[in-house]
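Trainee: Here you go, one structure.
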Amino acid sequence: MTEFILPALTFILTAAGLVAGAEGNAAGSAGAASHVLYLAAIAIGLVTLLLDSVRKLFAKKFSLDYIAILAMVVALATNELLAGAVISLMILVSESLESYGSREAEAALKHLVERIPKTCEVKRGGNGWTTVAIQDVKEGETILVREGEIVPLDGYLLSDDALMNEANLTGEFEPQPYRKGRFMKSGLVNADRAFELKVSGTFSTSAYQKIVDLVREAKRHPARIVRLAEKYNYGFTAITLVLAAAAWIVSHGDPSRFLAVLVIATPCPLLIAAPISFLGGLNLASKRTIIVKRPAALETLAQVNAIFFDKTGTLTLGEPVLHTVSVLDPALSEDEILSVAAAIEFHSLHPLAKAIVRAKTARDGSPIAEASHIVETVGDGIAGSVDGAVWHLKKAVGTEGGGTDGDGEGGIVIEMTKGTIPAARFVFDDVVKPGTMALLEKLRTRYRVAILTGDTRENAERMFRNEAGGHDGIEIRARCTPEDKFAAIKEARERGETVMMVGDGLNDAPALALADVGVVFSGTENSASIDAAAVAILGRDVGLVEEAIAVAKRSTHIAEESILWGIGLSILGMVIAMLGYIPPVTGAILQEGIDVSVILNALRSSRAAKAVRV
């Protein structure tokens with residue numbers, strides 16, 4: 001809450017000045033004290049605005065504060081100190097509201113870097129292991145990666161096999177087996193026992209560090225949106241200067257009338273309307289479990305014309321579900337097959353094993369049978385004994401993505417044998433979230449929509465077939481790496497599109513950071529992707545993407561309406577002041593009345609409309 005220290009101090013000084021001025025009717029010293037207090041209040045506002053304006057000029061941005069600076073300078077020159085203090089107070093309050101709403105922790109890079117191990121075990125001095133900072137590991141050295149650890153450096157697998165979670169890089173849920181000699185990218189997570197890796201390259205060239213670099217690069221490409229206040233500021237400033245000049249001419253050089261116009265023209269409606277409206281939008285969105293981390297994101301979201309979706313975990317549930325069980329041995333029933341498979345897979349942590357156990361429990365709720373002599377081999381499945389018979393489950397070759405079972409449905413297929421006799425086939429698939437197809441169908445009529453996935457094209461197209469057998473108007477880009485997703489967003493922005501990226505995983509973080517507005521489903525542990533995005537959706541309801549857009553459009557509409565309302569009233573007040581009917585202090589009070597009316601209108605954005613969907 002440090003943003004409000006200066007406004008609070010200015011308020012105290014102005015209020016104390018009013019009290020001292022009232023008491024000074026009987027004593028000249030008290031009047032002098034009020035002048036000192038007003039001067040201090042004006043000085044705080046003037047110095048703050050001057051520093052901020054200089055900073056914006058170096059950033060090649062036009063400031064909204066020039067009229068306010070001019071008004072305070074004229075107030076000092078004409079000894080209208082109360083009016084100057086009031087201007088200072090309102091400007092500082094306006095900027096503090098904007099700063100408070102827009103405060104954004106630079107946590108994306110922090111979380112990305114923190115997830116990388118700072119040290120690793122390196123084989124040095126014979127067979128001994130030495131703890132070394134990963135930046136000091138040399139190419140060709142051997143490192144140890146324990147179970148559950150992130151691979152810190154690229155390299156080649158020296159151990160016989162490994163089971164790797166690739167979600168950080170591809171977003172896909174199924175762990176992949178790696179054999180000796182296979183190249184392994186940093187950022188993968190070891191899902192099984194410890195293994196040795198021969199380092200290729202250095203920390204600075206590693207795949208995980210490239211994700212960090214992409215997010216860092218994205219931070220250098222801010223959204224190109226013209227803010228509402230900036231949009232109307234130029235015209236308002238021009239009208240103000242014309243009316244102030246007219247007041248000077250009509251009054252034959254009366255500085256008091258000139259100041260009265262400037263006081264009423266102080267751009268508080270421009271500075272207050274948008275922050276208040278967007279803060280109200282933030283409040284409304286939060287009631288719908290949509291967390292918008294900064295008000296400016298709503299303004300950007302309302303202007304989006306291209307939407308990119310990650311697939312797994314965003315449009316789908318992101319976890320395997322047992323789709324069908326095909327019994328191949330006529331002597332066995334489906335219930336018997338599922339019971340035996342669950343008994344064996346109960347001992348495995350593999351996502352497909354968990355899906356079988358879930359399916360068995362959901363079917364009849366009976367206890368899982370006992371299995372013995374369990375042997376799980378990376379890349380070769382799992383085997384065990386149930387009631388004296390030996391069973392083996394392993395992934396069918398060539399069935400993932402484009403493969404089919406007897407019903408012609410694609411997915412991941414596990415074969416189950418009793419001894420050497422085929423017993424059953426289990427078909428697994430990710431599940432499209434409820435409402436996803438309806439959402440895509442609605443969005444594609446108004447926006448350019450694309451799906452970016454690390455999955456195969458065949459599997460992605462199969463999952464997103466609509467009832468008519470197609471996905472017209474929806475572009476699908478398959479086998480996307482984090483670099484590919486980043487490049488897709490960059491390409492769209494270079495074409496002049498305002499892009500929203502919707503994702504959920506660490507592999508989406510660079511694209512989320514580069515997009516004009518990033519939206520992340522936060523029902524994951526990928527804190528880096530959450531921090532890289534401007535909007536976080538709690539839970540899995542994909543329909544909330546539409547809600548977020550609708551809230552953004554409504555908040556922007558109310559903000560613009562409030563700005564125009566405030567500008568209209570200010571121009572009317574300036575005309576009256578130009579004619580000499582409003583003195584500076586009265587003008588400052590009138591401006592406060594205009595500000596209150598603007599705020600009351602802007603606050604409507606925090607109330608739910610009858611229909612919030614786009």
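Residues in the structure tokens are numbered from 1 in each chain, the chains being A, B, ... in the order shown, and ligands are numbered from 1 in the order shown.
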Do a neighbour search on A:Arg479 at 8 Å with only C-alpha atoms, toss out local chain neighbours closer than 4 positions, and write the hits as an mmCIF file with N, CA and C atoms, in the first residue's frame.

Mentor:
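Wrote part_17.cif, looks like this:
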data_model
loop_
_atom_site.group_PDB
_atom_site.id
_atom_site.type_symbol
_atom_site.label_atom_id
_atom_site.label_comp_id
_atom_site.auth_asym_id
_atom_site.auth_seq_id
_atom_site.Cartn_x
_atom_site.Cartn_y
_atom_site.Cartn_z
ATOM 1 N N THR A 170 6.476 -30.078 -23.533
ATOM 2 C CA THR A 170 5.458 -30.378 -24.548
ATOM 3 C C THR A 170 4.038 -30.162 -24.063
ATOM 4 N N THR A 453 -0.358 -27.222 -29.970
ATOM 5 C CA THR A 453 -0.225 -28.416 -29.135
ATOM 6 C C THR A 453 1.076 -29.150 -29.401
ATOM 7 N N GLY A 454 1.583 -29.792 -28.361
ATOM 8 C CA GLY A 454 2.750 -30.648 -28.509
ATOM 9 C C GLY A 454 2.365 -32.039 -28.975
ATOM 10 N N ASP A 455 1.062 -32.294 -29.091
ATOM 11 C CA ASP A 455 0.556 -33.584 -29.526
ATOM 12 C C ASP A 455 0.687 -33.712 -31.047
ATOM 13 N N THR A 456 0.371 -34.907 -31.570
ATOM 14 C CA THR A 456 0.394 -35.108 -33.018
ATOM 15 C C THR A 456 -0.812 -34.422 -33.657
ATOM 16 N N ARG A 457 -0.681 -34.084 -34.940
ATOM 17 C CA ARG A 457 -1.787 -33.462 -35.659
ATOM 18 C C ARG A 457 -2.990 -34.415 -35.733
#

Trainee: How close does each residue of stretch 279-321 of chain A get to stretch 552-555 of chain A, giving the shortest atom pair and distance in Å to one decimal for every residue with an atom at most 12 Å away, counting only C-alpha atoms, sorted by chain and residue number, as a Markdown table?

Mentor:
| residue | atom | partner | partner_atom | distance |
| --- | --- | --- | --- | --- |
| A:Leu279 | CA | A:Ser555 | CA | 8.8 |
| A:Gly280 | CA | A:Ser555 | CA | 7.6 |
| A:Gly281 | CA | A:Ser555 | CA | 5.5 |
| A:Leu282 | CA | A:Ala552 | CA | 8.8 |
| A:Asn283 | CA | A:Ser555 | CA | 10.8 |
| A:Leu284 | CA | A:Ser555 | CA | 9.6 |
| A:Ala285 | CA | A:Ala552 | CA | 8.7 |
| A:Ile290 | CA | A:Ala552 | CA | 11.2 |
| A:Val292 | CA | A:Ala552 | CA | 9.8 |
| A:Arg294 | CA | A:Ala552 | CA | 11.8 |
| A:Pro295 | CA | A:Ala552 | CA | 9.4 |
| A:Ala296 | CA | A:Ala552 | CA | 9.8 |
| A:Ala297 | CA | A:Ala552 | CA | 8.2 |
| A:Leu298 | CA | A:Ala552 | CA | 4.6 |
| A:Glu299 | CA | A:Ala552 | CA | 6.4 |
| A:Thr300 | CA | A:Ala552 | CA | 8.1 |
| A:Leu301 | CA | A:Ala552 | CA | 6.0 |
| A:Ala302 | CA | A:Lys553 | CA | 4.6 |
| A:Gln303 | CA | A:Lys553 | CA | 8.0 |
| A:Val304 | CA | A:Lys553 | CA | 10.0 |

Trainee: Okay, now the selection with C-alpha atoms, as a short mmCIF file (atom, residue, chain, number, x, y, z; two decimals), in the first residue's frame?

Mentor:
data_model
loop_
_atom_site.label_atom_id
_atom_site.label_comp_id
_atom_site.auth_asym_id
_atom_site.auth_seq_id
_atom_site.Cartn_x
_atom_site.Cartn_y
_atom_site.Cartn_z
CA LEU A 279 -10.78 -2.22 -10.63
CA GLY A 280 -14.54 -2.82 -10.57
CA GLY A 281 -14.09 -5.25 -13.46
CA LEU A 282 -11.35 -7.01 -11.50
CA ASN A 283 -13.74 -7.38 -8.58
CA LEU A 284 -16.53 -8.74 -10.79
CA ALA A 285 -14.14 -11.15 -12.52
CA ILE A 290 -11.18 -15.12 -12.84
CA VAL A 292 -7.01 -10.40 -13.39
CA ARG A 294 -3.62 -5.76 -13.45
CA PRO A 295 -6.37 -3.40 -14.68
CA ALA A 296 -4.64 -2.72 -18.01
CA ALA A 297 -5.14 -6.40 -18.91
CA LEU A 298 -8.90 -5.83 -19.12
CA GLU A 299 -8.40 -2.95 -21.55
CA THR A 300 -6.17 -5.14 -23.70
CA LEU A 301 -8.44 -8.16 -23.46
CA ALA A 302 -11.35 -6.12 -24.79
CA GLN A 303 -9.38 -5.40 -27.99
CA VAL A 304 -8.24 -8.97 -28.73
#

Trainee: Smallest atom-to-atom distance to A:Asn305: which of A:Ala550, A:Val596, A:Leu603, A:Val499, using only C-alpha atoms?

Mentor: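 Nearest to A:Asn305: A:Val499.
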
Trainee: If you measure from atom CA of A:Lys293 to atom CA of A:Ala536, what distance in Å do you get, rounded to one decimal?

Mentor: 7.8 Å

Trainee: Please return, as a list in words, all residues of stretch 131-192 of chain A that DSSP assigns to alpha helix (DSSP H) on the basis of the backbone.

Mentor: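 Matching residues, listed in order: Ala167, Asn168, Leu169 and Thr170 of chain A.
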
Trainee: Pick out the residues sitting within 6 Å of A:Ser34, and hand them over as a ChimeraX atom specification; count only C-alpha atoms, and ignore anything fewer than 6 positions along from it in its own chain.

Mentor: /A:17,20-21

Trainee: For those residues, write C-alpha atoms to a file as a PDB file, in the first residue's frame.

Mentor:
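As a result, out-v3.pdb now contains:
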ATOM      1  CA  GLY A  17      -3.935  24.134   5.795  1.00  0.00           C
ATOM      2  CA  ALA A  20      -4.926  26.737   9.945  1.00  0.00           C
ATOM      3  CA  GLY A  21      -6.581  29.123   7.473  1.00  0.00           C
TER       4      GLY A  21
END

Trainee: What residues in stretch 134-323 of chain A get the DSSP label strand (DSSP E or B)? Please answer as a PyMOL selection string.

Mentor: chain A and resi 142-145+150+155-157+161-165+176-179+183-184+186+188-190+195-199+290-292+306-310+316+321-323

Trainee: Keeping C-alpha atoms, export the residues of the selection given above as a short mmCIF file (atom, residue, chain, number, x, y, z; two decimals), in the first residue's frame.

Mentor:
data_model
loop_
_atom_site.label_atom_id
_atom_site.label_comp_id
_atom_site.auth_asym_id
_atom_site.auth_seq_id
_atom_site.Cartn_x
_atom_site.Cartn_y
_atom_site.Cartn_z
CA THR A 142 28.69 -36.77 -16.27
CA ILE A 143 25.92 -35.62 -13.91
CA LEU A 144 23.44 -37.49 -11.71
CA VAL A 145 19.68 -36.75 -11.92
CA ILE A 150 14.38 -31.44 -13.19
CA GLY A 155 22.81 -34.24 -22.53
CA TYR A 156 22.86 -37.91 -23.57
CA LEU A 157 21.53 -40.68 -21.34
CA ASP A 161 16.86 -46.37 -19.46
CA ALA A 162 14.84 -43.57 -17.85
CA LEU A 163 11.21 -42.50 -17.62
CA MET A 164 10.72 -38.77 -18.20
CA ASN A 165 7.82 -36.40 -17.62
CA GLN A 176 8.05 -41.11 -22.07
CA PRO A 177 10.70 -43.85 -21.88
CA TYR A 178 14.28 -42.95 -22.85
CA ARG A 179 16.92 -45.51 -23.82
CA PHE A 183 19.46 -36.97 -26.26
CA MET A 184 17.62 -35.43 -23.30
CA SER A 186 16.85 -29.84 -19.77
CA LEU A 188 12.31 -32.70 -18.31
CA VAL A 189 11.44 -34.25 -14.94
CA ASN A 190 12.78 -37.63 -13.88
CA PHE A 195 20.22 -41.93 -13.90
CA GLU A 196 23.47 -40.56 -15.29
CA LEU A 197 23.65 -38.00 -18.09
CA LYS A 198 26.58 -36.90 -20.25
CA VAL A 199 26.33 -33.12 -20.58
CA ILE A 290 -11.18 -15.12 -12.84
CA ILE A 291 -8.16 -13.38 -11.33
CA VAL A 292 -7.01 -10.40 -13.39
CA ALA A 306 -6.78 -13.47 -32.25
CA ILE A 307 -6.96 -16.26 -29.65
CA PHE A 308 -4.41 -19.07 -29.34
CA PHE A 309 -5.16 -22.10 -27.16
CA ASP A 310 -2.83 -24.70 -25.73
CA THR A 316 -8.73 -30.95 -22.29
CA VAL A 321 -8.99 -41.59 -18.99
CA LEU A 322 -9.74 -45.23 -19.80
CA HIS A 323 -11.87 -44.98 -22.91
#

Trainee: Measuring between only C-alpha atoms, which one of A:Asp192, A:Glu141, A:Glu80, A:Asp430 shows the shortest distance to A:Val378?

Mentor: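 Checking each candidate against A:Val378, we get A:Asp192 as the closest.
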
Trainee: Within 12 Å of A:Ala602, counting only C-alpha atoms, which residues show up once you throw out same-chain ones fewer than 2 positions away? Write them as JSON, numbers by chain, please.

Mentor: {"A": [269, 270, 271, 272, 273, 274, 275, 276, 277, 278, 279, 280, 281, 554, 555, 556, 557, 558, 559, 560, 561, 562, 563, 564, 565, 566, 595, 596, 597, 598, 599, 600, 604, 605, 606, 607]}

Trainee: Just the selected residues (N, CA and C atoms), exported as a compact mmCIF listing (two decimals), in the first residue's frame, please.

Mentor:
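Produced file result-v7.txt, reproduced below:
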# COMPACT_ATOMS: atom_id res chain seq x y z
N PRO A 269 -10.79 13.13 -14.62
CA PRO A 269 -11.66 12.11 -15.23
C PRO A 269 -10.88 11.13 -16.10
N LEU A 270 -9.88 11.65 -16.81
CA LEU A 270 -9.06 10.77 -17.64
C LEU A 270 -8.25 9.80 -16.79
N LEU A 271 -7.77 10.28 -15.66
CA LEU A 271 -6.90 9.46 -14.81
C LEU A 271 -7.69 8.54 -13.88
N ILE A 272 -8.90 8.96 -13.50
CA ILE A 272 -9.67 8.21 -12.51
C ILE A 272 -10.61 7.19 -13.16
N ALA A 273 -11.29 7.57 -14.24
CA ALA A 273 -12.37 6.75 -14.79
C ALA A 273 -11.92 5.33 -15.12
N ALA A 274 -10.82 5.22 -15.88
CA ALA A 274 -10.38 3.89 -16.31
C ALA A 274 -9.94 3.02 -15.12
N PRO A 275 -9.07 3.54 -14.21
CA PRO A 275 -8.68 2.69 -13.07
C PRO A 275 -9.85 2.22 -12.23
N ILE A 276 -10.80 3.12 -11.93
CA ILE A 276 -11.95 2.74 -11.11
C ILE A 276 -12.80 1.69 -11.82
N SER A 277 -13.06 1.93 -13.11
CA SER A 277 -13.87 0.99 -13.87
C SER A 277 -13.19 -0.37 -13.96
N PHE A 278 -11.88 -0.38 -14.21
CA PHE A 278 -11.18 -1.65 -14.35
C PHE A 278 -11.00 -2.35 -13.01
N LEU A 279 -10.83 -1.59 -11.94
CA LEU A 279 -10.78 -2.22 -10.63
C LEU A 279 -12.13 -2.87 -10.30
N GLY A 280 -13.22 -2.21 -10.73
CA GLY A 280 -14.54 -2.82 -10.57
C GLY A 280 -14.66 -4.09 -11.40
N GLY A 281 -14.10 -4.06 -12.62
CA GLY A 281 -14.09 -5.25 -13.46
C GLY A 281 -13.29 -6.37 -12.83
N ARG A 554 -17.16 -5.08 -21.09
CA ARG A 554 -18.10 -4.26 -20.33
C ARG A 554 -17.35 -3.20 -19.51
N SER A 555 -16.25 -3.59 -18.87
CA SER A 555 -15.48 -2.64 -18.07
C SER A 555 -14.90 -1.53 -18.96
N THR A 556 -14.43 -1.90 -20.14
CA THR A 556 -13.87 -0.91 -21.06
C THR A 556 -14.94 0.05 -21.54
N HIS A 557 -16.13 -0.49 -21.83
CA HIS A 557 -17.24 0.36 -22.27
C HIS A 557 -17.61 1.38 -21.19
N ILE A 558 -17.70 0.91 -19.95
CA ILE A 558 -18.06 1.81 -18.84
C ILE A 558 -16.95 2.84 -18.61
N ALA A 559 -15.69 2.41 -18.73
CA ALA A 559 -14.57 3.34 -18.56
C ALA A 559 -14.62 4.44 -19.61
N GLU A 560 -14.86 4.04 -20.86
CA GLU A 560 -14.93 5.02 -21.95
C GLU A 560 -16.11 5.96 -21.76
N GLU A 561 -17.24 5.41 -21.35
CA GLU A 561 -18.43 6.22 -21.08
C GLU A 561 -18.15 7.23 -19.96
N SER A 562 -17.46 6.78 -18.92
CA SER A 562 -17.13 7.66 -17.79
C SER A 562 -16.18 8.76 -18.20
N ILE A 563 -15.19 8.41 -19.03
CA ILE A 563 -14.24 9.41 -19.50
C ILE A 563 -14.96 10.49 -20.31
N LEU A 564 -15.82 10.08 -21.24
CA LEU A 564 -16.55 11.05 -22.08
C LEU A 564 -17.48 11.91 -21.23
N TRP A 565 -18.11 11.28 -20.22
CA TRP A 565 -18.98 12.03 -19.29
C TRP A 565 -18.16 13.09 -18.56
N GLY A 566 -17.00 12.70 -18.02
CA GLY A 566 -16.15 13.64 -17.30
C GLY A 566 -15.62 14.74 -18.20
N ASP A 595 -15.42 14.71 -10.61
CA ASP A 595 -14.70 13.47 -10.31
C ASP A 595 -15.61 12.46 -9.61
N VAL A 596 -16.41 12.94 -8.65
CA VAL A 596 -17.31 12.05 -7.91
C VAL A 596 -18.32 11.42 -8.86
N SER A 597 -18.88 12.23 -9.79
CA SER A 597 -19.86 11.68 -10.73
C SER A 597 -19.21 10.65 -11.65
N VAL A 598 -17.97 10.90 -12.05
CA VAL A 598 -17.25 9.95 -12.89
C VAL A 598 -17.01 8.65 -12.13
N ILE A 599 -16.60 8.78 -10.88
CA ILE A 599 -16.33 7.60 -10.06
C ILE A 599 -17.59 6.76 -9.86
N LEU A 600 -18.72 7.43 -9.57
CA LEU A 600 -19.98 6.72 -9.35
C LEU A 600 -20.39 5.95 -10.61
N ARG A 604 -20.06 1.21 -11.66
CA ARG A 604 -21.05 0.25 -12.18
C ARG A 604 -20.39 -1.02 -12.71
N SER A 605 -19.12 -0.92 -13.07
CA SER A 605 -18.45 -2.09 -13.65
C SER A 605 -18.28 -3.22 -12.64
N SER A 606 -18.40 -2.92 -11.34
CA SER A 606 -18.25 -3.97 -10.32
C SER A 606 -19.53 -4.75 -10.09
N ARG A 607 -20.64 -4.26 -10.70
CA ARG A 607 -21.92 -4.95 -10.54
C ARG A 607 -22.18 -5.84 -11.74
